[in-house]
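All remarks here apply to the structure that follows.
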Amino acid sequence: MQKISETPTANLNIGVWASPLLDELRHFRRDLHQHPELSHKEFLTTEKLAARLTAAGLEPQLLDGTGLFVDIGEGPLAIGLRADIDALPILEETSLDYASVNTGISHACGHDIHTTVMLGVALVLRKLDVEGELPARVRVIFQPAEETMPGGALAVIEQGVLNGLPRILALHCDPRIDVGLVGTRIGAITSASDTIRIQLNGRGGHTSRPHLTEDLVFALAEIAVSVPAVINRRIDVRSAVSLVWGQIQAGAAPNAIPAVGYMAGTMRCLDGEAWQAAGELVDEVVNQVAAPFGVDVKLEHIRGVPPVINTERETTLIEAAARSELGEDAVTLTPQSMGGEDFAWMTQEVPGAMMRLGTRTPGGETFDLHRGDYIPDEHAIGVGVRVMAKAATLAARRHRDVAAGATQK
């Protein structure tokens, strides 16, 4: 490998350091993809990460259950980098040679890419540290259980992994952006997200005599239509509250009113304060709408995650890293997503930002996340490593310079 220890940190070409690792990283990612693990069950994934980091001379620290973190370099912490490692309960439909062997489980959200990128970043930073090119300490976090509510990030925070971090960055695959580009925005980049489950109980009966029953089917229909309408009239429309039902189940015969009905959906919101208000309001409105039908209401409202708020300073850091490594046109403005992301809990504790990593092959198919046929372009791995490792080195240099300035004063 070319030795570039005389080069100032700001001008390091991370691509030179990352290039020799790309074949290994691609094979590592395919192995993860073939053996996906659900939230809180990422035991093999954690083991593989720990083994590779240890082989590089690092000392990974295991988290309770699954997941780990590792520090690279010496001195005070300059920055944290986070990847999520869990898969989804979705049947893979790609027909790839390395498709999931775990039936009904797949990396349909690209977390295998996230994990591999951050492993590559850790290995690059380790090489830089050995060469004396990493002037401060960087913490790389491999977080479990992002795909659950309210998310594994809370457990990471509770275990003190963010203590002492002045800033934190993350990335997420985006199949709408071409590989070689990254998407950024200042402010909220994801939405808040809750899960709402409702069970109605009442006396069933014949459809010819609904007055002798509690008509659950009609009540479910009224809740499905009226509750979102009321929420949209009671909460500022600029916050974009969206309550959408994904399940409605009741009955088995056309002439029988059932005794039990069930519905579930998600509520999403672009604004943190509006999310709090809407969360309180939705429970009230569900019960008000159901009341005239005399049904018994069992409401389970799982408060999910707030929006990920990208701070200006950390977003600018990502953009500077991307332009330095990939070129001036490598950064694109990304729209705010209505999807939820538990990295939001971390950005409530530490200033941070998440970038969108383009995974679409130029001219190729545009996929969506959480689809069983999602195939990201693996060239995104090298792109992610270069941008995240460069951001880490820039943060480390700035941390050193600030510390030096304080000492001189």
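If you're wondering about the labels, chains in the structure tokens are A, B, ... by order shown, residues count from 1 in each chain, ligands from 1 in order shown.
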
Set the distance at 8 Å and use only C-alpha atoms: which residues neighbour A:Pro36 once local chain neighbours fewer than 5 positions away are removed? I'd like the list as a PyMOL selection string.
chain A and resi 42+45+86-87+100+102+105-107

Prev. selection, all heavy atoms, output as a PDB file, in the first residue's frame:
ATOM      1  N   GLU A  42     -28.800 -10.897  16.449  1.00  0.00           N
ATOM      2  CA  GLU A  42     -27.673 -10.754  15.525  1.00  0.00           C
ATOM      3  C   GLU A  42     -26.384 -11.327  16.118  1.00  0.00           C
ATOM      4  O   GLU A  42     -25.337 -10.686  16.154  1.00  0.00           O
ATOM      5  CB  GLU A  42     -27.460  -9.268  15.163  1.00  0.00           C
ATOM      6  CG  GLU A  42     -28.728  -8.521  14.753  1.00  0.00           C
ATOM      7  CD  GLU A  42     -29.354  -7.785  15.935  1.00  0.00           C
ATOM      8  OE1 GLU A  42     -29.195  -8.254  17.086  1.00  0.00           O
ATOM      9  OE2 GLU A  42     -29.995  -6.741  15.722  1.00  0.00           O
ATOM     10  N   THR A  45     -23.681 -12.245  13.337  1.00  0.00           N
ATOM     11  CA  THR A  45     -23.187 -10.981  12.776  1.00  0.00           C
ATOM     12  C   THR A  45     -22.220 -10.309  13.742  1.00  0.00           C
ATOM     13  O   THR A  45     -21.137  -9.847  13.347  1.00  0.00           O
ATOM     14  CB  THR A  45     -24.368 -10.042  12.479  1.00  0.00           C
ATOM     15  OG1 THR A  45     -25.266 -10.670  11.568  1.00  0.00           O
ATOM     16  CG2 THR A  45     -23.880  -8.731  11.878  1.00  0.00           C
ATOM     17  N   ASP A  86     -29.208  -5.290  11.918  1.00  0.00           N
ATOM     18  CA  ASP A  86     -30.272  -6.286  11.883  1.00  0.00           C
ATOM     19  C   ASP A  86     -30.954  -6.353  10.523  1.00  0.00           C
ATOM     20  O   ASP A  86     -30.861  -5.442   9.701  1.00  0.00           O
ATOM     21  CB  ASP A  86     -31.307  -6.024  12.978  1.00  0.00           C
ATOM     22  CG  ASP A  86     -31.890  -4.611  12.919  1.00  0.00           C
ATOM     23  OD1 ASP A  86     -31.191  -3.691  12.433  1.00  0.00           O
ATOM     24  OD2 ASP A  86     -33.040  -4.419  13.357  1.00  0.00           O
ATOM     25  N   ALA A  87     -31.651  -7.456  10.296  1.00  0.00           N
ATOM     26  CA  ALA A  87     -32.393  -7.691   9.053  1.00  0.00           C
ATOM     27  C   ALA A  87     -33.894  -7.622   9.330  1.00  0.00           C
ATOM     28  O   ALA A  87     -34.328  -7.334  10.453  1.00  0.00           O
ATOM     29  CB  ALA A  87     -32.012  -9.047   8.465  1.00  0.00           C
ATOM     30  N   SER A 100     -30.505 -14.945   0.873  1.00  0.00           N
ATOM     31  CA  SER A 100     -30.677 -15.404   2.244  1.00  0.00           C
ATOM     32  C   SER A 100     -30.992 -16.893   2.323  1.00  0.00           C
ATOM     33  O   SER A 100     -31.832 -17.407   1.584  1.00  0.00           O
ATOM     34  CB  SER A 100     -31.816 -14.624   2.904  1.00  0.00           C
ATOM     35  OG  SER A 100     -32.137 -15.163   4.169  1.00  0.00           O
ATOM     36  N   ASN A 102     -31.871 -18.020   5.307  1.00  0.00           N
ATOM     37  CA  ASN A 102     -32.800 -18.016   6.438  1.00  0.00           C
ATOM     38  C   ASN A 102     -34.184 -17.624   5.917  1.00  0.00           C
ATOM     39  O   ASN A 102     -34.467 -16.444   5.692  1.00  0.00           O
ATOM     40  CB  ASN A 102     -32.327 -17.046   7.523  1.00  0.00           C
ATOM     41  CG  ASN A 102     -30.985 -17.446   8.102  1.00  0.00           C
ATOM     42  OD1 ASN A 102     -30.645 -18.620   8.131  1.00  0.00           O
ATOM     43  ND2 ASN A 102     -30.213 -16.473   8.570  1.00  0.00           N
ATOM     44  N   ILE A 105     -36.388 -14.194   6.128  1.00  0.00           N
ATOM     45  CA  ILE A 105     -35.562 -13.126   6.708  1.00  0.00           C
ATOM     46  C   ILE A 105     -34.610 -12.631   5.625  1.00  0.00           C
ATOM     47  O   ILE A 105     -34.001 -13.433   4.913  1.00  0.00           O
ATOM     48  CB  ILE A 105     -34.739 -13.626   7.913  1.00  0.00           C
ATOM     49  CG1 ILE A 105     -35.659 -14.237   8.970  1.00  0.00           C
ATOM     50  CG2 ILE A 105     -33.925 -12.484   8.520  1.00  0.00           C
ATOM     51  CD1 ILE A 105     -34.903 -14.875  10.127  1.00  0.00           C
ATOM     52  N   SER A 106     -34.487 -11.313   5.494  1.00  0.00           N
ATOM     53  CA  SER A 106     -33.574 -10.775   4.476  1.00  0.00           C
ATOM     54  C   SER A 106     -33.111  -9.368   4.860  1.00  0.00           C
ATOM     55  O   SER A 106     -33.755  -8.687   5.657  1.00  0.00           O
ATOM     56  CB  SER A 106     -34.254 -10.729   3.105  1.00  0.00           C
ATOM     57  OG  SER A 106     -35.342  -9.817   3.102  1.00  0.00           O
ATOM     58  N   HIS A 107     -31.998  -8.993   4.246  1.00  0.00           N
ATOM     59  CA  HIS A 107     -31.492  -7.622   4.421  1.00  0.00           C
ATOM     60  C   HIS A 107     -32.138  -6.730   3.357  1.00  0.00           C
ATOM     61  O   HIS A 107     -31.475  -6.195   2.478  1.00  0.00           O
ATOM     62  CB  HIS A 107     -29.971  -7.598   4.309  1.00  0.00           C
ATOM     63  CG  HIS A 107     -29.275  -7.847   5.595  1.00  0.00           C
ATOM     64  ND1 HIS A 107     -29.352  -6.968   6.664  1.00  0.00           N
ATOM     65  CD2 HIS A 107     -28.507  -8.882   6.019  1.00  0.00           C
ATOM     66  CE1 HIS A 107     -28.646  -7.450   7.675  1.00  0.00           C
ATOM     67  NE2 HIS A 107     -28.126  -8.597   7.321  1.00  0.00           N
TER      68      HIS A 107
END

Selection: 7 Å around A:Ser242, only C-alpha atoms, excl. self and same-chain fewer than 6 positions, as a compact mmCIF listing (two decimals) with all heavy atoms, in the first residue's frame:
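Once written, selection_37.txt looks like this:
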# COMPACT_ATOMS: atom_id res chain seq x y z
N MET A 267 -48.49 5.90 12.49
CA MET A 267 -48.65 7.34 12.43
C MET A 267 -47.26 7.95 12.28
O MET A 267 -46.35 7.66 13.06
CB MET A 267 -49.31 7.88 13.69
CG MET A 267 -49.58 9.39 13.62
SD MET A 267 -50.27 10.06 15.14
CE MET A 267 -48.82 10.02 16.21
N ARG A 268 -47.10 8.79 11.27
CA ARG A 268 -45.81 9.42 11.00
C ARG A 268 -46.00 10.93 10.99
O ARG A 268 -47.08 11.44 10.69
CB ARG A 268 -45.25 8.93 9.66
CG ARG A 268 -45.10 7.42 9.64
CD ARG A 268 -44.62 6.89 8.30
NE ARG A 268 -44.66 5.43 8.27
CZ ARG A 268 -43.68 4.65 8.70
NH1 ARG A 268 -42.57 5.19 9.17
NH2 ARG A 268 -43.80 3.34 8.66
N CYS A 269 -44.92 11.64 11.31
CA CYS A 269 -45.01 13.09 11.43
C CYS A 269 -43.63 13.69 11.19
O CYS A 269 -42.61 13.15 11.64
CB CYS A 269 -45.52 13.46 12.83
SG CYS A 269 -45.74 15.22 13.09

Set the distance at 9 Å and use only C-alpha atoms: which residues neighbour A:Met346 once local chain neighbours fewer than 3 positions away are removed? I'd like the list as an MDAnalysis selection string.
chainID A and resid 153:154 156:157 162 168 308 342:343 349:352

Name the residues in contact with stretch 120-135 of chain A at a cut-off of 7 Å, using only C-alpha atoms, excluding same-chain residues fewer than 4 positions from it; report them as a PyMOL selection string.
chain A and resi 5+9+17-18+25+56+72-73+116+140+385+388-389+393+396-397+400

Could you dump the residues just selected with N, CA, C and O atoms as a PDB file, in the first residue's frame?
ATOM      1  N   SER A   5       1.930   8.979   4.877  1.00  0.00           N
ATOM      2  CA  SER A   5       1.960   9.544   6.217  1.00  0.00           C
ATOM      3  C   SER A   5       2.412  10.997   6.242  1.00  0.00           C
ATOM      4  O   SER A   5       2.182  11.705   7.205  1.00  0.00           O
ATOM      5  N   THR A   9      -3.738  15.502   7.043  1.00  0.00           N
ATOM      6  CA  THR A   9      -4.964  14.723   7.199  1.00  0.00           C
ATOM      7  C   THR A   9      -6.069  15.210   6.280  1.00  0.00           C
ATOM      8  O   THR A   9      -6.802  14.423   5.690  1.00  0.00           O
ATOM      9  N   TRP A  17      -6.382   4.165   0.592  1.00  0.00           N
ATOM     10  CA  TRP A  17      -6.364   3.256   1.722  1.00  0.00           C
ATOM     11  C   TRP A  17      -7.489   2.227   1.648  1.00  0.00           C
ATOM     12  O   TRP A  17      -7.326   1.087   2.120  1.00  0.00           O
ATOM     13  N   ALA A  18      -8.610   2.608   1.078  1.00  0.00           N
ATOM     14  CA  ALA A  18      -9.771   1.713   1.037  1.00  0.00           C
ATOM     15  C   ALA A  18      -9.700   0.694  -0.089  1.00  0.00           C
ATOM     16  O   ALA A  18     -10.210  -0.425   0.050  1.00  0.00           O
ATOM     17  N   LEU A  25     -14.317  -6.652   1.578  1.00  0.00           N
ATOM     18  CA  LEU A  25     -15.574  -6.086   2.064  1.00  0.00           C
ATOM     19  C   LEU A  25     -16.766  -6.593   1.276  1.00  0.00           C
ATOM     20  O   LEU A  25     -17.832  -6.859   1.844  1.00  0.00           O
ATOM     21  N   ALA A  56      -7.594  -7.212  13.130  1.00  0.00           N
ATOM     22  CA  ALA A  56      -6.930  -5.984  12.692  1.00  0.00           C
ATOM     23  C   ALA A  56      -6.151  -5.316  13.822  1.00  0.00           C
ATOM     24  O   ALA A  56      -5.552  -4.257  13.614  1.00  0.00           O
ATOM     25  N   ILE A  72     -10.891   3.477  17.727  1.00  0.00           N
ATOM     26  CA  ILE A  72      -9.667   3.484  16.936  1.00  0.00           C
ATOM     27  C   ILE A  72      -8.922   4.775  17.241  1.00  0.00           C
ATOM     28  O   ILE A  72      -9.514   5.857  17.189  1.00  0.00           O
ATOM     29  N   GLY A  73      -7.631   4.667  17.529  1.00  0.00           N
ATOM     30  CA  GLY A  73      -6.833   5.845  17.828  1.00  0.00           C
ATOM     31  C   GLY A  73      -6.701   6.101  19.309  1.00  0.00           C
ATOM     32  O   GLY A  73      -7.251   5.372  20.150  1.00  0.00           O
ATOM     33  N   THR A 116     -21.155  -3.302   6.545  1.00  0.00           N
ATOM     34  CA  THR A 116     -19.913  -3.512   5.812  1.00  0.00           C
ATOM     35  C   THR A 116     -19.161  -2.200   5.628  1.00  0.00           C
ATOM     36  O   THR A 116     -17.929  -2.152   5.739  1.00  0.00           O
ATOM     37  N   VAL A 140     -16.597   3.560  16.474  1.00  0.00           N
ATOM     38  CA  VAL A 140     -17.507   2.983  15.481  1.00  0.00           C
ATOM     39  C   VAL A 140     -18.465   2.050  16.209  1.00  0.00           C
ATOM     40  O   VAL A 140     -18.037   1.131  16.918  1.00  0.00           O
ATOM     41  N   VAL A 385     -17.420   3.951   2.513  1.00  0.00           N
ATOM     42  CA  VAL A 385     -16.175   3.902   3.298  1.00  0.00           C
ATOM     43  C   VAL A 385     -15.388   5.185   3.118  1.00  0.00           C
ATOM     44  O   VAL A 385     -14.894   5.780   4.094  1.00  0.00           O
ATOM     45  N   MET A 388     -17.329   8.273   4.894  1.00  0.00           N
ATOM     46  CA  MET A 388     -17.373   8.202   6.353  1.00  0.00           C
ATOM     47  C   MET A 388     -15.972   8.255   6.973  1.00  0.00           C
ATOM     48  O   MET A 388     -15.754   8.899   8.010  1.00  0.00           O
ATOM     49  N   ALA A 389     -15.003   7.573   6.348  1.00  0.00           N
ATOM     50  CA  ALA A 389     -13.641   7.624   6.884  1.00  0.00           C
ATOM     51  C   ALA A 389     -13.049   9.029   6.741  1.00  0.00           C
ATOM     52  O   ALA A 389     -12.342   9.507   7.641  1.00  0.00           O
ATOM     53  N   THR A 393     -11.690  11.509   9.739  1.00  0.00           N
ATOM     54  CA  THR A 393     -10.362  12.115   9.796  1.00  0.00           C
ATOM     55  C   THR A 393     -10.445  13.638   9.892  1.00  0.00           C
ATOM     56  O   THR A 393      -9.655  14.269  10.600  1.00  0.00           O
ATOM     57  N   ALA A 396     -11.360  14.362  13.431  1.00  0.00           N
ATOM     58  CA  ALA A 396     -10.216  14.128  14.316  1.00  0.00           C
ATOM     59  C   ALA A 396      -9.214  15.272  14.217  1.00  0.00           C
ATOM     60  O   ALA A 396      -8.657  15.729  15.233  1.00  0.00           O
ATOM     61  N   ARG A 397      -8.966  15.747  13.006  1.00  0.00           N
ATOM     62  CA  ARG A 397      -8.026  16.860  12.827  1.00  0.00           C
ATOM     63  C   ARG A 397      -8.547  18.125  13.510  1.00  0.00           C
ATOM     64  O   ARG A 397      -7.805  18.831  14.199  1.00  0.00           O
ATOM     65  N   ARG A 400      -8.163  17.889  17.193  1.00  0.00           N
ATOM     66  CA  ARG A 400      -6.766  18.132  17.572  1.00  0.00           C
ATOM     67  C   ARG A 400      -6.441  19.616  17.517  1.00  0.00           C
ATOM     68  O   ARG A 400      -5.815  20.169  18.438  1.00  0.00           O
TER      69      ARG A 400
END

Atom-to-atom span, atom CA of A:Ala188 and atom CA of A:Ser239, Å:
11.2 Å

Go through stretch 78-134 of chain A and flag each residue having an atom no more than 12 Å from stretch 353-356 of chain A; for those, report the closest pair of atoms plus their distance in Å to one decimal, using only C-alpha atoms, ordered by chain and rising number, as a tab-separated table.
residue	atom	partner	partner_atom	distance
A:Ile79	CA	A:Ala353	CA	11.5
A:Gly80	CA	A:Ala353	CA	10.8
A:Leu81	CA	A:Met354	CA	9.9
A:Arg82	CA	A:Met354	CA	9.5
A:Ala83	CA	A:Met354	CA	10.6
A:Gly110	CA	A:Arg356	CA	11.5
A:His114	CA	A:Arg356	CA	10.8

Enumerate the residues of stretch 129-347 of chain A with a DSSP assignment of helix (DSSP H, G or I), computed from the backbone, and present them as a PyMOL selection string.
chain A and resi 129-130+153-158+210-212+216-234+237-239+272-293+312-326+343-347

For the residues in that selection, give me C-alpha atoms as a short mmCIF file (atom, residue, chain, number, x, y, z; two decimals), in the first residue's frame.
data_model
loop_
_atom_site.label_atom_id
_atom_site.label_comp_id
_atom_site.auth_asym_id
_atom_site.auth_seq_id
_atom_site.Cartn_x
_atom_site.Cartn_y
_atom_site.Cartn_z
CA ASP A 129 -3.70 5.24 13.08
CA VAL A 130 -0.77 2.87 12.64
CA ALA A 153 -30.42 2.78 19.85
CA LEU A 154 -31.95 3.34 23.28
CA ALA A 155 -30.11 0.33 24.69
CA VAL A 156 -26.85 1.64 23.21
CA ILE A 157 -27.45 4.99 24.91
CA GLU A 158 -28.36 3.34 28.21
CA PRO A 210 -77.33 -5.40 13.86
CA HIS A 211 -79.27 -3.56 16.59
CA LEU A 212 -78.83 -6.61 18.80
CA LEU A 216 -67.56 -4.22 14.96
CA VAL A 217 -67.12 -4.09 11.20
CA PHE A 218 -68.88 -0.77 10.93
CA ALA A 219 -66.93 0.56 13.93
CA LEU A 220 -63.64 -0.51 12.38
CA ALA A 221 -64.56 1.21 9.14
CA GLU A 222 -65.52 4.40 10.96
CA ILE A 223 -62.23 4.44 12.89
CA ALA A 224 -60.25 3.77 9.71
CA VAL A 225 -61.80 6.77 7.95
CA SER A 226 -62.62 9.24 10.71
CA VAL A 227 -59.57 9.13 12.95
CA PRO A 228 -57.06 10.20 10.27
CA ALA A 229 -59.49 12.91 9.14
CA VAL A 230 -59.85 14.32 12.65
CA ILE A 231 -56.09 14.22 13.27
CA ASN A 232 -55.50 16.12 10.03
CA ARG A 233 -57.93 18.83 11.18
CA ARG A 234 -56.58 19.14 14.71
CA VAL A 237 -51.00 20.50 8.31
CA ARG A 238 -47.42 21.76 7.86
CA SER A 239 -46.24 18.99 10.20
CA GLY A 272 -41.14 16.52 16.74
CA GLU A 273 -43.48 18.80 18.67
CA ALA A 274 -46.45 17.94 16.46
CA TRP A 275 -45.60 14.26 16.94
CA GLN A 276 -46.01 14.64 20.68
CA ALA A 277 -49.34 16.42 20.29
CA ALA A 278 -50.68 13.98 17.70
CA GLY A 279 -49.67 11.04 19.87
CA GLU A 280 -51.85 12.25 22.69
CA LEU A 281 -54.71 13.17 20.37
CA VAL A 282 -54.96 9.91 18.45
CA ASP A 283 -55.76 7.87 21.57
CA GLU A 284 -58.51 10.31 22.51
CA VAL A 285 -60.06 10.35 19.05
CA VAL A 286 -60.06 6.55 18.63
CA ASN A 287 -62.11 6.16 21.78
CA GLN A 288 -64.46 9.01 20.83
CA VAL A 289 -65.15 7.55 17.38
CA ALA A 290 -65.73 4.05 18.76
CA ALA A 291 -67.96 5.14 21.66
CA PRO A 292 -71.32 5.38 19.79
CA PHE A 293 -71.06 1.73 18.74
CA GLU A 312 -25.81 22.11 10.23
CA ARG A 313 -22.24 21.53 11.42
CA GLU A 314 -22.36 17.74 11.10
CA THR A 315 -24.16 17.88 7.74
CA THR A 316 -21.48 20.25 6.46
CA LEU A 317 -18.83 17.78 7.66
CA ILE A 318 -20.38 14.99 5.59
CA GLU A 319 -20.66 17.23 2.54
CA ALA A 320 -17.02 18.34 2.84
CA ALA A 321 -15.90 14.73 3.09
CA ALA A 322 -17.99 13.65 0.10
CA ARG A 323 -16.77 16.48 -2.11
CA SER A 324 -13.17 15.86 -1.10
CA GLU A 325 -13.35 12.15 -1.95
CA LEU A 326 -15.90 11.99 -4.76
CA PHE A 343 -30.74 6.99 15.00
CA ALA A 344 -33.06 9.84 16.03
CA TRP A 345 -32.57 8.86 19.67
CA MET A 346 -28.82 9.34 19.26
CA THR A 347 -29.20 12.77 17.65
#

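When only C-alpha atoms are used to compute distances to A:Asp23, the closest of the residues A:Ala392, A:His379, A:His399, A:Leu38 turns out to be A:His379.
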
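Counting only C-alpha atoms, A:Thr195 has the following residues at most 7 Å away, ignoring those fewer than 2 positions along the same chain: Ser193, Arg197, Gly265, Thr266, Met267, His301, Ile302, Arg303 and Gly304 of chain A.
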
Just to be explicit: take each residue in the selection above, keep all heavy atoms, and write the result as a PDB file, in the first residue's frame.
ATOM      1  N   SER A 193     -42.331   8.186  14.007  1.00  0.00           N
ATOM      2  CA  SER A 193     -43.125   7.021  13.604  1.00  0.00           C
ATOM      3  C   SER A 193     -43.626   6.279  14.834  1.00  0.00           C
ATOM      4  O   SER A 193     -42.846   5.930  15.717  1.00  0.00           O
ATOM      5  CB  SER A 193     -42.280   6.088  12.731  1.00  0.00           C
ATOM      6  OG  SER A 193     -43.004   4.934  12.364  1.00  0.00           O
ATOM      7  N   ARG A 197     -52.182  -0.216  17.387  1.00  0.00           N
ATOM      8  CA  ARG A 197     -52.959  -1.458  17.267  1.00  0.00           C
ATOM      9  C   ARG A 197     -54.257  -1.312  18.050  1.00  0.00           C
ATOM     10  O   ARG A 197     -54.242  -0.861  19.197  1.00  0.00           O
ATOM     11  CB  ARG A 197     -52.157  -2.648  17.780  1.00  0.00           C
ATOM     12  CG  ARG A 197     -50.862  -2.915  17.009  1.00  0.00           C
ATOM     13  CD  ARG A 197     -50.228  -4.233  17.448  1.00  0.00           C
ATOM     14  NE  ARG A 197     -49.039  -4.521  16.662  1.00  0.00           N
ATOM     15  CZ  ARG A 197     -47.795  -4.310  17.055  1.00  0.00           C
ATOM     16  NH1 ARG A 197     -47.564  -3.788  18.249  1.00  0.00           N
ATOM     17  NH2 ARG A 197     -46.767  -4.606  16.281  1.00  0.00           N
ATOM     18  N   GLY A 265     -51.881   0.148  12.277  1.00  0.00           N
ATOM     19  CA  GLY A 265     -51.286   1.053  11.300  1.00  0.00           C
ATOM     20  C   GLY A 265     -50.147   1.838  11.915  1.00  0.00           C
ATOM     21  O   GLY A 265     -49.717   1.566  13.047  1.00  0.00           O
ATOM     22  N   THR A 266     -49.662   2.807  11.184  1.00  0.00           N
ATOM     23  CA  THR A 266     -48.577   3.652  11.662  1.00  0.00           C
ATOM     24  C   THR A 266     -48.975   5.116  11.548  1.00  0.00           C
ATOM     25  O   THR A 266     -49.700   5.510  10.629  1.00  0.00           O
ATOM     26  CB  THR A 266     -47.274   3.427  10.868  1.00  0.00           C
ATOM     27  OG1 THR A 266     -47.501   3.731   9.486  1.00  0.00           O
ATOM     28  CG2 THR A 266     -46.789   2.002  11.004  1.00  0.00           C
ATOM     29  N   MET A 267     -48.486   5.903  12.495  1.00  0.00           N
ATOM     30  CA  MET A 267     -48.648   7.341  12.433  1.00  0.00           C
ATOM     31  C   MET A 267     -47.261   7.953  12.285  1.00  0.00           C
ATOM     32  O   MET A 267     -46.351   7.660  13.058  1.00  0.00           O
ATOM     33  CB  MET A 267     -49.311   7.881  13.694  1.00  0.00           C
ATOM     34  CG  MET A 267     -49.577   9.389  13.619  1.00  0.00           C
ATOM     35  SD  MET A 267     -50.265  10.062  15.136  1.00  0.00           S
ATOM     36  CE  MET A 267     -48.821  10.022  16.208  1.00  0.00           C
ATOM     37  N   HIS A 301     -50.840   1.793  21.732  1.00  0.00           N
ATOM     38  CA  HIS A 301     -50.155   2.848  20.976  1.00  0.00           C
ATOM     39  C   HIS A 301     -48.684   2.810  21.361  1.00  0.00           C
ATOM     40  O   HIS A 301     -48.295   3.206  22.463  1.00  0.00           O
ATOM     41  CB  HIS A 301     -50.765   4.207  21.311  1.00  0.00           C
ATOM     42  CG  HIS A 301     -50.212   5.333  20.505  1.00  0.00           C
ATOM     43  ND1 HIS A 301     -50.822   6.566  20.437  1.00  0.00           N
ATOM     44  CD2 HIS A 301     -49.116   5.436  19.714  1.00  0.00           C
ATOM     45  CE1 HIS A 301     -50.110   7.371  19.667  1.00  0.00           C
ATOM     46  NE2 HIS A 301     -49.059   6.691  19.224  1.00  0.00           N
ATOM     47  N   ILE A 302     -47.858   2.310  20.453  1.00  0.00           N
ATOM     48  CA  ILE A 302     -46.425   2.169  20.711  1.00  0.00           C
ATOM     49  C   ILE A 302     -45.715   3.409  20.185  1.00  0.00           C
ATOM     50  O   ILE A 302     -45.616   3.622  18.968  1.00  0.00           O
ATOM     51  CB  ILE A 302     -45.864   0.903  20.036  1.00  0.00           C
ATOM     52  CG1 ILE A 302     -46.612  -0.331  20.526  1.00  0.00           C
ATOM     53  CG2 ILE A 302     -44.368   0.769  20.320  1.00  0.00           C
ATOM     54  CD1 ILE A 302     -46.251  -1.589  19.786  1.00  0.00           C
ATOM     55  N   ARG A 303     -45.256   4.227  21.109  1.00  0.00           N
ATOM     56  CA  ARG A 303     -44.528   5.427  20.708  1.00  0.00           C
ATOM     57  C   ARG A 303     -43.189   4.994  20.119  1.00  0.00           C
ATOM     58  O   ARG A 303     -42.416   4.276  20.751  1.00  0.00           O
ATOM     59  CB  ARG A 303     -44.310   6.335  21.909  1.00  0.00           C
ATOM     60  CG  ARG A 303     -45.595   6.850  22.522  1.00  0.00           C
ATOM     61  CD  ARG A 303     -46.361   7.733  21.572  1.00  0.00           C
ATOM     62  NE  ARG A 303     -45.883   9.111  21.600  1.00  0.00           N
ATOM     63  CZ  ARG A 303     -46.215  10.024  20.707  1.00  0.00           C
ATOM     64  NH1 ARG A 303     -46.959   9.684  19.666  1.00  0.00           N
ATOM     65  NH2 ARG A 303     -45.766  11.256  20.801  1.00  0.00           N
ATOM     66  N   GLY A 304     -42.928   5.412  18.900  1.00  0.00           N
ATOM     67  CA  GLY A 304     -41.770   4.931  18.183  1.00  0.00           C
ATOM     68  C   GLY A 304     -40.558   5.806  18.324  1.00  0.00           C
ATOM     69  O   GLY A 304     -39.924   5.861  19.382  1.00  0.00           O
TER      70      GLY A 304
END

Determine, counting only C-alpha atoms, which protein, DNA and RNA residues have an atom within 10 Å of an atom of A:Leu96; residues of the same chain fewer than 2 positions away are not included. Present the result as a PyMOL selection string.
chain A and resi 30+34+92-94+98-100+373+375
